[in-house]
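Peer 1: Sharing protein.pdb below, PDB, C-alpha atoms, pLDDT in the B column:
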```
ATOM      1  CA  MET A   1     122.760  71.305  34.370  1.00 92.00           C
ATOM      2  CA  PRO A   2     123.399  67.674  33.355  1.00 97.00           C
ATOM      3  CA  ARG A   3     123.562  66.896  29.649  1.00 98.00           C
ATOM      4  CA  ILE A   4     121.614  63.730  28.899  1.00 98.00           C
ATOM      5  CA  GLY A   5     121.548  62.089  25.502  1.00 98.00           C
ATOM      6  CA  LEU A   6     118.655  59.917  24.396  1.00 98.00           C
ATOM      7  CA  PHE A   7     119.468  57.106  22.003  1.00 98.00           C
ATOM      8  CA  GLY A   8     116.259  55.421  20.911  1.00 95.00           C
ATOM      9  CA  GLY A   9     115.923  52.452  18.628  1.00 93.00           C
ATOM     10  CA  SER A  10     114.523  48.987  18.198  1.00 94.00           C
ATOM     11  CA  PHE A  11     117.966  47.501  19.015  1.00 96.00           C
ATOM     12  CA  ASP A  12     116.800  44.226  17.460  1.00 97.00           C
ATOM     13  CA  PRO A  13     119.563  43.352  18.201  1.00 98.00           C
ATOM     14  CA  VAL A  14     121.977  45.966  19.502  1.00 98.00           C
ATOM     15  CA  HIS A  15     125.250  45.766  17.544  1.00 97.00           C
ATOM     16  CA  ASN A  16     128.765  47.211  17.419  1.00 96.00           C
ATOM     17  CA  ALA A  17     127.817  50.179  15.215  1.00 93.00           C
ATOM     18  CA  HIS A  18     125.210  51.227  17.805  1.00 95.00           C
ATOM     19  CA  LEU A  19     127.930  51.129  20.451  1.00 96.00           C
ATOM     20  CA  ALA A  20     130.413  53.049  18.294  1.00 94.00           C
ATOM     21  CA  LEU A  21     127.869  55.795  17.604  1.00 94.00           C
ATOM     22  CA  ALA A  22     126.906  55.980  21.281  1.00 96.00           C
ATOM     23  CA  ARG A  23     130.561  56.379  22.300  1.00 96.00           C
ATOM     24  CA  VAL A  24     131.060  59.162  19.747  1.00 94.00           C
ATOM     25  CA  ALA A  25     127.877  60.869  20.960  1.00 96.00           C
ATOM     26  CA  ARG A  26     128.922  60.629  24.611  1.00 98.00           C
ATOM     27  CA  ASP A  27     132.339  62.116  23.912  1.00 97.00           C
ATOM     28  CA  HIS A  28     131.531  64.609  21.116  1.00 95.00           C
ATOM     29  CA  LEU A  29     128.448  66.026  22.862  1.00 96.00           C
ATOM     30  CA  ARG A  30     130.099  65.963  26.321  1.00 97.00           C
ATOM     31  CA  LEU A  31     127.228  63.973  27.797  1.00 98.00           C
ATOM     32  CA  ASP A  32     126.964  63.245  31.490  1.00 98.00           C
ATOM     33  CA  GLU A  33     124.721  60.313  30.622  1.00 98.00           C
ATOM     34  CA  LEU A  34     123.631  58.539  27.472  1.00 99.00           C
ATOM     35  CA  ARG A  35     120.297  56.850  28.017  1.00 98.00           C
ATOM     36  CA  TRP A  36     119.488  53.971  25.662  1.00 99.00           C
ATOM     37  CA  VAL A  37     115.745  53.789  25.011  1.00 97.00           C
ATOM     38  CA  PRO A  38     114.593  50.542  23.372  1.00 96.00           C
ATOM     39  CA  VAL A  39     111.285  51.138  21.628  1.00 93.00           C
ATOM     40  CA  GLY A  40     108.199  49.412  22.970  1.00 87.00           C
ATOM     41  CA  ALA A  41     105.801  49.171  20.030  1.00 75.00           C
ATOM     42  CA  ALA A  42     107.366  50.930  17.049  1.00 67.00           C
ATOM     43  CA  TRP A  43     104.847  52.922  15.038  1.00 61.00           C
ATOM     44  CA  GLN A  44     107.159  53.100  11.996  1.00 59.00           C
ATOM     45  CA  LYS A  45     108.201  49.425  11.805  1.00 56.00           C
ATOM     46  CA  ALA A  46     106.364  47.070   9.465  1.00 58.00           C
ATOM     47  CA  ARG A  47     107.845  43.878  10.907  1.00 69.00           C
ATOM     48  CA  GLN A  48     107.183  42.328  14.307  1.00 85.00           C
ATOM     49  CA  LEU A  49     109.904  43.158  16.816  1.00 91.00           C
ATOM     50  CA  THR A  50     111.557  40.665  19.141  1.00 94.00           C
ATOM     51  CA  PRO A  51     109.889  40.925  22.585  1.00 94.00           C
ATOM     52  CA  ALA A  52     110.985  44.028  24.469  1.00 94.00           C
ATOM     53  CA  ALA A  53     112.378  42.032  27.405  1.00 95.00           C
ATOM     54  CA  HIS A  54     114.951  40.380  25.115  1.00 97.00           C
ATOM     55  CA  ARG A  55     115.906  43.635  23.376  1.00 97.00           C
ATOM     56  CA  LEU A  56     116.286  45.431  26.716  1.00 98.00           C
ATOM     57  CA  ALA A  57     118.376  42.576  28.138  1.00 98.00           C
ATOM     58  CA  MET A  58     120.717  42.701  25.126  1.00 99.00           C
ATOM     59  CA  VAL A  59     121.130  46.477  25.504  1.00 99.00           C
ATOM     60  CA  GLU A  60     121.894  46.076  29.213  1.00 99.00           C
ATOM     61  CA  LEU A  61     124.512  43.419  28.435  1.00 99.00           C
ATOM     62  CA  ALA A  62     126.089  45.549  25.697  1.00 99.00           C
ATOM     63  CA  ILE A  63     126.415  48.694  27.826  1.00 99.00           C
ATOM     64  CA  ALA A  64     127.231  47.132  31.214  1.00 98.00           C
ATOM     65  CA  ARG A  65     130.877  48.232  31.177  1.00 96.00           C
ATOM     66  CA  GLU A  66     130.404  51.557  29.385  1.00 97.00           C
ATOM     67  CA  PRO A  67     130.815  54.663  31.562  1.00 97.00           C
ATOM     68  CA  GLY A  68     127.804  56.954  31.448  1.00 98.00           C
ATOM     69  CA  PHE A  69     125.531  54.540  29.565  1.00 99.00           C
ATOM     70  CA  THR A  70     122.193  53.532  31.076  1.00 98.00           C
ATOM     71  CA  ALA A  71     119.144  51.691  29.743  1.00 98.00           C
ATOM     72  CA  SER A  72     115.630  53.068  30.119  1.00 97.00           C
ATOM     73  CA  THR A  73     112.369  51.134  30.209  1.00 96.00           C
ATOM     74  CA  VAL A  74     110.247  54.240  29.674  1.00 95.00           C
ATOM     75  CA  GLU A  75     109.029  52.980  26.274  1.00 94.00           C
ATOM     76  CA  THR A  76     109.051  49.236  26.881  1.00 94.00           C
ATOM     77  CA  ASP A  77     106.891  49.733  29.995  1.00 93.00           C
ATOM     78  CA  ARG A  78     104.312  51.791  28.075  1.00 90.00           C
ATOM     79  CA  ASP A  79     101.305  50.210  26.347  1.00 86.00           C
ATOM     80  CA  GLY A  80     100.557  51.148  22.748  1.00 84.00           C
ATOM     81  CA  PRO A  81     102.798  52.757  20.151  1.00 86.00           C
ATOM     82  CA  SER A  82     106.009  54.437  21.298  1.00 86.00           C
ATOM     83  CA  TYR A  83     106.265  58.100  20.371  1.00 91.00           C
ATOM     84  CA  MET A  84     109.427  59.989  21.296  1.00 95.00           C
ATOM     85  CA  ILE A  85     107.453  63.055  22.362  1.00 97.00           C
ATOM     86  CA  ASP A  86     105.734  61.009  25.095  1.00 95.00           C
ATOM     87  CA  THR A  87     109.107  59.656  26.188  1.00 96.00           C
ATOM     88  CA  VAL A  88     110.681  63.111  26.345  1.00 97.00           C
ATOM     89  CA  ARG A  89     107.726  64.571  28.243  1.00 97.00           C
ATOM     90  CA  ALA A  90     107.952  61.798  30.860  1.00 96.00           C
ATOM     91  CA  LEU A  91     111.725  62.072  31.235  1.00 97.00           C
ATOM     92  CA  GLN A  92     111.695  65.872  31.443  1.00 97.00           C
ATOM     93  CA  GLU A  93     108.993  65.747  34.082  1.00 96.00           C
ATOM     94  CA  ALA A  94     111.256  63.482  36.148  1.00 96.00           C
ATOM     95  CA  GLN A  95     114.395  65.572  35.473  1.00 96.00           C
ATOM     96  CA  PRO A  96     113.350  69.098  34.459  1.00 95.00           C
ATOM     97  CA  GLN A  97     116.797  70.569  35.151  1.00 96.00           C
ATOM     98  CA  ALA A  98     118.589  68.461  32.497  1.00 98.00           C
ATOM     99  CA  HIS A  99     119.568  69.544  28.989  1.00 97.00           C
ATOM    100  CA  TRP A 100     118.257  66.801  26.692  1.00 98.00           C
ATOM    101  CA  LEU A 101     119.828  65.816  23.370  1.00 98.00           C
ATOM    102  CA  LEU A 102     118.125  63.351  21.039  1.00 98.00           C
ATOM    103  CA  ILE A 103     120.488  61.301  18.880  1.00 97.00           C
ATOM    104  CA  VAL A 104     119.092  60.402  15.465  1.00 93.00           C
ATOM    105  CA  GLY A 105     120.512  59.079  12.226  1.00 86.00           C
ATOM    106  CA  GLN A 106     120.202  60.740   8.830  1.00 83.00           C
ATOM    107  CA  ASP A 107     117.320  58.476   7.832  1.00 82.00           C
ATOM    108  CA  GLN A 108     115.322  59.464  10.930  1.00 87.00           C
ATOM    109  CA  TYR A 109     116.255  63.118  10.452  1.00 87.00           C
ATOM    110  CA  ALA A 110     115.006  63.079   6.858  1.00 85.00           C
ATOM    111  CA  ARG A 111     111.586  61.915   8.142  1.00 88.00           C
ATOM    112  CA  PHE A 112     111.581  63.889  11.385  1.00 90.00           C
ATOM    113  CA  ASP A 113     108.682  66.077  10.256  1.00 89.00           C
ATOM    114  CA  THR A 114     106.489  62.927  10.253  1.00 92.00           C
ATOM    115  CA  TRP A 115     107.061  62.319  13.973  1.00 93.00           C
ATOM    116  CA  ARG A 116     104.218  63.016  16.372  1.00 94.00           C
ATOM    117  CA  ASP A 117     104.335  66.597  17.725  1.00 96.00           C
ATOM    118  CA  TRP A 118     107.776  67.174  16.201  1.00 93.00           C
ATOM    119  CA  PRO A 119     107.715  71.002  16.649  1.00 92.00           C
ATOM    120  CA  GLU A 120     107.200  70.539  20.398  1.00 94.00           C
ATOM    121  CA  LEU A 121     109.887  67.864  20.453  1.00 95.00           C
ATOM    122  CA  LEU A 122     112.354  70.299  18.860  1.00 92.00           C
ATOM    123  CA  GLN A 123     111.552  72.853  21.561  1.00 92.00           C
ATOM    124  CA  ARG A 124     112.224  70.292  24.268  1.00 96.00           C
ATOM    125  CA  VAL A 125     115.449  68.718  22.952  1.00 96.00           C
ATOM    126  CA  THR A 126     118.465  69.475  20.844  1.00 95.00           C
ATOM    127  CA  LEU A 127     118.715  67.091  17.909  1.00 93.00           C
ATOM    128  CA  ALA A 128     122.120  65.486  17.414  1.00 94.00           C
ATOM    129  CA  VAL A 129     122.148  64.150  13.863  1.00 91.00           C
ATOM    130  CA  ALA A 130     124.666  61.430  13.055  1.00 89.00           C
ATOM    131  CA  GLY A 131     125.966  61.927   9.534  1.00 77.00           C
ATOM    132  CA  ARG A 132     128.439  60.084   7.381  1.00 63.00           C
ATOM    133  CA  ALA A 133     131.914  61.614   7.142  1.00 56.00           C
ATOM    134  CA  GLY A 134     131.988  64.557   4.733  1.00 56.00           C
ATOM    135  CA  GLU A 135     128.217  64.498   4.274  1.00 59.00           C
ATOM    136  CA  ALA A 136     126.148  67.229   5.913  1.00 58.00           C
ATOM    137  CA  PRO A 137     122.754  66.017   7.139  1.00 59.00           C
ATOM    138  CA  ARG A 138     119.975  67.431   4.952  1.00 64.00           C
ATOM    139  CA  PRO A 139     116.923  68.542   6.892  1.00 66.00           C
ATOM    140  CA  PRO A 140     113.373  68.216   5.673  1.00 70.00           C
ATOM    141  CA  ALA A 141     112.151  71.639   4.515  1.00 68.00           C
ATOM    142  CA  ALA A 142     109.952  71.994   7.609  1.00 67.00           C
ATOM    143  CA  LEU A 143     113.002  71.834   9.889  1.00 69.00           C
ATOM    144  CA  ALA A 144     115.069  74.478   8.096  1.00 67.00           C
ATOM    145  CA  VAL A 145     113.961  77.219  10.501  1.00 64.00           C
ATOM    146  CA  HIS A 146     115.078  75.164  13.523  1.00 64.00           C
ATOM    147  CA  ASP A 147     118.827  74.953  12.770  1.00 63.00           C
ATOM    148  CA  HIS A 148     119.732  76.346  16.188  1.00 65.00           C
ATOM    149  CA  ARG A 149     118.292  73.209  17.822  1.00 79.00           C
ATOM    150  CA  ILE A 150     120.299  70.809  15.669  1.00 82.00           C
ATOM    151  CA  GLU A 151     123.897  69.619  16.084  1.00 86.00           C
ATOM    152  CA  SER A 152     125.912  67.401  13.758  1.00 86.00           C
ATOM    153  CA  LEU A 153     127.516  64.252  15.052  1.00 89.00           C
ATOM    154  CA  PRO A 154     130.253  62.418  13.122  1.00 83.00           C
ATOM    155  CA  LEU A 155     129.158  58.885  12.304  1.00 77.00           C
ATOM    156  CA  PRO A 156     131.777  56.173  12.817  1.00 72.00           C
ATOM    157  CA  ALA A 157     132.643  54.307   9.612  1.00 74.00           C
ATOM    158  CA  MET A 158     130.823  51.041  10.305  1.00 74.00           C
ATOM    159  CA  THR A 159     128.339  49.252   8.101  1.00 80.00           C
ATOM    160  CA  VAL A 160     126.698  46.852  10.545  1.00 89.00           C
ATOM    161  CA  SER A 161     122.906  46.631  10.632  1.00 92.00           C
ATOM    162  CA  SER A 162     120.484  44.722  12.829  1.00 94.00           C
ATOM    163  CA  THR A 163     119.017  43.195   9.668  1.00 94.00           C
ATOM    164  CA  GLU A 164     122.435  41.787   8.764  1.00 96.00           C
ATOM    165  CA  VAL A 165     122.821  40.297  12.248  1.00 97.00           C
ATOM    166  CA  ARG A 166     119.381  38.658  12.117  1.00 97.00           C
ATOM    167  CA  THR A 167     120.047  37.305   8.607  1.00 96.00           C
ATOM    168  CA  ARG A 168     123.396  35.826   9.612  1.00 97.00           C
ATOM    169  CA  VAL A 169     121.916  34.142  12.673  1.00 98.00           C
ATOM    170  CA  ALA A 170     119.086  32.679  10.570  1.00 96.00           C
ATOM    171  CA  ARG A 171     121.693  31.276   8.135  1.00 96.00           C
ATOM    172  CA  GLY A 172     123.821  29.866  10.944  1.00 96.00           C
ATOM    173  CA  GLU A 173     126.678  32.267  10.143  1.00 97.00           C
ATOM    174  CA  PRO A 174     128.939  33.820  12.801  1.00 96.00           C
ATOM    175  CA  ILE A 175     128.105  37.239  14.233  1.00 98.00           C
ATOM    176  CA  ASP A 176     131.095  37.644  16.547  1.00 95.00           C
ATOM    177  CA  THR A 177     132.434  40.661  14.594  1.00 95.00           C
ATOM    178  CA  LEU A 178     129.026  42.364  14.525  1.00 97.00           C
ATOM    179  CA  VAL A 179     127.842  42.285  18.142  1.00 98.00           C
ATOM    180  CA  PRO A 180     129.508  42.257  21.563  1.00 98.00           C
ATOM    181  CA  PRO A 181     130.342  38.713  22.771  1.00 98.00           C
ATOM    182  CA  GLN A 182     127.801  38.850  25.592  1.00 98.00           C
ATOM    183  CA  VAL A 183     125.052  39.756  23.093  1.00 99.00           C
ATOM    184  CA  ALA A 184     126.082  36.907  20.770  1.00 98.00           C
ATOM    185  CA  ARG A 185     125.861  34.498  23.724  1.00 98.00           C
ATOM    186  CA  TYR A 186     122.436  35.838  24.697  1.00 99.00           C
ATOM    187  CA  ILE A 187     121.131  35.418  21.140  1.00 98.00           C
ATOM    188  CA  ALA A 188     122.391  31.823  21.054  1.00 97.00           C
ATOM    189  CA  GLN A 189     121.096  30.946  24.537  1.00 98.00           C
ATOM    190  CA  HIS A 190     117.615  32.260  23.755  1.00 98.00           C
ATOM    191  CA  HIS A 191     117.510  30.990  20.160  1.00 96.00           C
ATOM    192  CA  LEU A 192     116.702  34.458  18.844  1.00 98.00           C
ATOM    193  CA  TYR A 193     116.548  35.142  15.095  1.00 96.00           C
ATOM    194  CA  SER A 194     117.032  31.476  14.169  1.00 90.00           C
ATOM    195  CA  ASN A 195     113.881  31.534  12.035  1.00 75.00           C
ATOM    196  CA  PRO A 196     113.919  34.043   9.148  1.00 55.00           C
TER     197      PRO A 196
END
```
Take the structure in this file and express it as structure tokens.

Peer 2:
Amino acid sequence: MPRIGLFGGSFDPVHNAHLALARVARDHLRLDELRWVPVGAAWQKARQLTPAAHRLAMVELAIAREPGFTASTVETDRDGPSYMIDTVRALQEAQPQAHWLLIVGQDQYARFDTWRDWPELLQRVTLAVAGRAGEAPRPPAALAVHDHRIESLPLPAMTVSSTEVRTRVARGEPIDTLVPPQVARYIAQHHLYSNP
């Protein structure tokens, strides 16, 4: 049974901390595949996202040479808000024999009980929660009875954020230490994030 990790996010833009976490997840969870899932229309984001085609292209550039990493258009191809339960249902229908693991950060985990159909989602996937070194992820009270479906994942010590990347680009500051070179080139070529 293949072990497939799902790594969802806005990836606006994808950066080196995303890649570091994905590598740790692939290795620590012994994944056969780690599927990057850029969100289509994020139901939890207040700001307007960069068009999905750009975010998907940057993910594809970032993961091109990474063994076991693939990009999925399951959410970017869907109209309306992106809910992970819909994504998981579609992917499991296509590959029912796989063991699915959903990679989330502590901030997402703390709000997991606000996700659409989260009890069903927990029955369909194992949650892999990325936590800071020495800090055990704290579940919302509603998830306490589901510990057997939750694994901890050590978070690499990196403090890069997509917000920081966008801010630096808008200020004309270098981002070469924050994103892969091919992503930095793509951002420059397409004039992304140049307006705050």

Peer 1: Write out as a tab-separated table the residues of stretch 31-87 of chain A that have any atom within 12 Å of an atom of stretch 92-115 of chain A, one row each with the nearest atom pair and its distance in Å to one decimal, counting only C-alpha atoms, sorted by chain and then rising number.

Peer 2:
```
residue	atom	partner	partner_atom	distance
A:Leu31	CA	A:Leu101	CA	8.8
A:Asp32	CA	A:Ala98	CA	9.9
A:Glu33	CA	A:Trp100	CA	10.0
A:Leu34	CA	A:Leu101	CA	9.2
A:Arg35	CA	A:Leu102	CA	9.8
A:Trp36	CA	A:Ile103	CA	10.0
A:Val37	CA	A:Leu102	CA	10.6
A:Ala42	CA	A:Trp115	CA	11.8
A:Trp43	CA	A:Trp115	CA	9.7
A:Gln44	CA	A:Trp115	CA	9.4
A:Val74	CA	A:Ala94	CA	11.3
A:Ser82	CA	A:Trp115	CA	10.8
A:Tyr83	CA	A:Trp115	CA	7.7
A:Met84	CA	A:Trp115	CA	8.0
A:Ile85	CA	A:Trp115	CA	8.4
A:Asp86	CA	A:Gln92	CA	10.0
A:Thr87	CA	A:Gln92	CA	8.5
```

Peer 1: Those same residues, written as an mmCIF file, keeping the file's coordinate frame with C-alpha atoms?

Peer 2:
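Output (out.cif):
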```cif
data_model
loop_
_atom_site.group_PDB
_atom_site.id
_atom_site.type_symbol
_atom_site.label_atom_id
_atom_site.label_comp_id
_atom_site.auth_asym_id
_atom_site.auth_seq_id
_atom_site.Cartn_x
_atom_site.Cartn_y
_atom_site.Cartn_z
ATOM 1 C CA LEU A 31 127.228 63.973 27.797
ATOM 2 C CA ASP A 32 126.964 63.245 31.490
ATOM 3 C CA GLU A 33 124.721 60.313 30.622
ATOM 4 C CA LEU A 34 123.631 58.539 27.472
ATOM 5 C CA ARG A 35 120.297 56.850 28.017
ATOM 6 C CA TRP A 36 119.488 53.971 25.662
ATOM 7 C CA VAL A 37 115.745 53.789 25.011
ATOM 8 C CA ALA A 42 107.366 50.930 17.049
ATOM 9 C CA TRP A 43 104.847 52.922 15.038
ATOM 10 C CA GLN A 44 107.159 53.100 11.996
ATOM 11 C CA VAL A 74 110.247 54.240 29.674
ATOM 12 C CA SER A 82 106.009 54.437 21.298
ATOM 13 C CA TYR A 83 106.265 58.100 20.371
ATOM 14 C CA MET A 84 109.427 59.989 21.296
ATOM 15 C CA ILE A 85 107.453 63.055 22.362
ATOM 16 C CA ASP A 86 105.734 61.009 25.095
ATOM 17 C CA THR A 87 109.107 59.656 26.188
#
```

Peer 1: Listing only residues of stretch 12-47 of chain A within 10 Å of stretch 170-182 of chain A, what is the closest atom pair and its distance in Å (to one decimal) for each, using all atoms listed in the file, sorted by chain and residue number ascending, as a Markdown table?

Peer 2:
```
| residue | atom | partner | partner_atom | distance |
| --- | --- | --- | --- | --- |
| A:Pro13 | CA | A:Val179 | CA | 8.3 |
| A:Val14 | CA | A:Val179 | CA | 7.1 |
| A:His15 | CA | A:Val179 | CA | 4.4 |
| A:Asn16 | CA | A:Val179 | CA | 5.1 |
| A:Ala17 | CA | A:Leu178 | CA | 7.9 |
| A:His18 | CA | A:Val179 | CA | 9.3 |
| A:Leu19 | CA | A:Pro180 | CA | 9.1 |
```

Peer 1: Given the file above and the PyMOL selection byres ((chain A and resi 123) around 12), which residues are selected, and can you give them as a list in words?

Peer 2: Ile85, Val88, Arg89, His99, Trp100, Leu101, Leu102, Asp117, Trp118, Pro119, Glu120, Leu121, Leu122, Arg124, Val125, Thr126, Leu127, Leu143, His146, Asp147, His148, Arg149 and Ile150 of chain A

Peer 1: Translate the PyMOL selection byres ((chain A and resi 80) around 8) into a concrete residue list for this structure, as a list in words.

Peer 2: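 That expression, the PyMOL selection byres ((chain A and resi 80) around 8), corresponds here to Gly40, Ala41, Arg78, Asp79, Pro81 and Ser82 of chain A.
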
Peer 1: Where does the PyMOL selection byres ((chain A and resi 158) around 9) land in this file, that is, which residues does it pick, as a VMD selection string?

Peer 2: chain A and resid 16 to 17 20 155 to 157 159 to 160

Peer 1: Nearest residue to A:Ser162 out of A:Phe7, A:Tyr193, A:Phe69, A:Tyr186, using all atoms listed in the file?

Peer 2: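 Once distances to A:Ser162 are computed over all atoms listed in the file, the minimum belongs to A:Tyr193.
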
Peer 1: Please determine, counting all atoms listed in the file, which residue among A:His54, A:Arg168, A:Arg3, A:His191 has the shortest atom-to-atom distance to A:Arg30.

Peer 2: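 Nearest candidate to A:Arg30 out of A:His54, A:Arg168, A:Arg3, A:His191: A:Arg3.
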
Peer 1: Please return, as an NGL selection string, all polymer residues that have at least one atom within 7 Å of the point (111.8, 50.6, 25.8); use all atoms listed in the file and the file's own coordinate frame.

Peer 2: :A and (37-40 or 52 or 56 or 72-77)

Peer 1: Counting only C-alpha atoms, which residue out of A:Gly131, A:Pro154, A:Pro51, A:Gly9 sits closest to A:Arg26?

Peer 2: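 Of all the options, A:Pro154 lies closest to A:Arg26.
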
Peer 1: Specify the axis-aligned box that encloses all atoms of stretch 101-113 of chain A listed in the file after padding of 5 Å on each side, stating its centre and edge lengths in Å to one decimal as AutoDock Vina command-line options.

Peer 2:
```
--center_x 114.6 --center_y 62.3 --center_z 15.1 --size_x 21.8 --size_y 17.6 --size_z 26.5
```

Peer 1: Considering all atoms listed in the file, state which residue in the set A:Val165, A:Phe11, A:Ile63, A:Ile4 is at the smallest distance from A:Asp27.

Peer 2: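 Among the listed residues, A:Ile4 lies closest to A:Asp27.
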
Peer 1: Which value, in Å to one decimal, gives the distance between atom CA of A:Val59 and atom CA of A:Leu29?

Peer 2: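 That distance, rounded to one decimal, is 21.0 Å.
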
Peer 1: Which value, in Å to one decimal, gives the distance between atom CA of A:Arg55 and atom CA of A:Val129?

Peer 2: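 Computed distance, atom CA of A:Arg55 to atom CA of A:Val129, equals 23.5 Å.
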
Peer 1: Separation of atom CA of A:Glu60 and atom CA of A:Leu153, in Å?

Peer 2: 23.7 Å
